[in-house]
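Student: Following this message is one structure expressed as structure tokens.
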Amino acid sequence: MSGKRPSRLRILVADDEQFILDFHRYILCDDKDSDRPLATSFDVLCCRQAEDAVEAVRKSKKQKRPFAVVFLDVCMPPGQDGIWAAEQIRRLDPHTQIVLMTGNSEVDPLEVVERAPPPEKLLYVRKPCHPQEVRQFASALSAKWEAEQRLEGIHAQLESRVKE
């Protein structure tokens, strides 16, 4: 195990509202002029539709540059919704941490978990979110994602040694 850490963890944000995308970009991107830089640097990609988010995950997997965390708005008219996107993303990358965000109280969190399991890699939060909450979600879930990646690497090494 090298312990080498990627320089910037990748985060995907999908929301049909431009001001929400700008909000996430502002609070997750490290501002060089800030007196208080973020503990973790993030490479943030924003999409306005669920289909674009799924395509971004597909490309990231092909390039071997996966997203650690994906923030998805549940309602993104006129296209597919965030729950659909979570299902597709989970099929493409079972490792990514997904945060579903909604201002709609009619969405059933249990249905979301059934459609995009496992529950330990899926958060469901109500909007509006406070900037500190989004930063904390991004930092904690990225750290969890990194730890899982390291454990998978160690597991693969051990499996290889057992076969030898």
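Lettering and numbering for the structure tokens are positional, with chains as A, B, ... in the shown order, residues counted from 1 in each chain, and ligands counted from 1 in the shown order.
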From a backbone DSSP assignment, name each residue in chain A labelled alpha helix (DSSP H), as a PyMOL selection string.

Tutor: chain A and resi 18-28+50-62+82-92+109-115+131-163

Student: List every residue of region 2-147 of chain A that DSSP, applied to the backbone of this structure, assigns to strand (DSSP E), and report them as a PyMOL selection string.

Tutor: chain A and resi 9-14+42-47+69-73+97-102+122-126

Student: For a test of reading the model, state the distance in Å between CA of Glu159 (chain A) and CA of Phe67 (chain A), rounded to one decimal.

Tutor: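 CA of Glu159 (chain A) sits 25.8 Å away from CA of Phe67 (chain A).
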
Student: Write out as a tab-separated table a residue-level contact list of region 8-74 of chain A versus region 85-90 of chain A with cut-off 10 Å: for each qualifying residue the closest pair of atoms and the distance in Å to one decimal, counting only C-alpha atoms, rows sorted by chain and residue number upward.

Tutor:
residue	atom	partner	partner_atom	distance
A:Ala14	CA	A:Ala85	CA	9.4
A:Gln49	CA	A:Ala85	CA	9.2
A:Ala50	CA	A:Ala85	CA	5.4
A:Glu51	CA	A:Ala85	CA	6.9
A:Asp52	CA	A:Ala85	CA	9.2
A:Ala53	CA	A:Ala85	CA	7.2
A:Val54	CA	A:Ile89	CA	5.8
A:Glu55	CA	A:Ile89	CA	8.9
A:Ala56	CA	A:Ile89	CA	9.5
A:Val57	CA	A:Ile89	CA	6.6
A:Arg58	CA	A:Ile89	CA	8.0
A:Val70	CA	A:Ala86	CA	8.8
A:Phe71	CA	A:Ala86	CA	9.5
A:Leu72	CA	A:Ala86	CA	7.6
A:Asp73	CA	A:Ala85	CA	9.5
A:Val74	CA	A:Ala85	CA	8.8
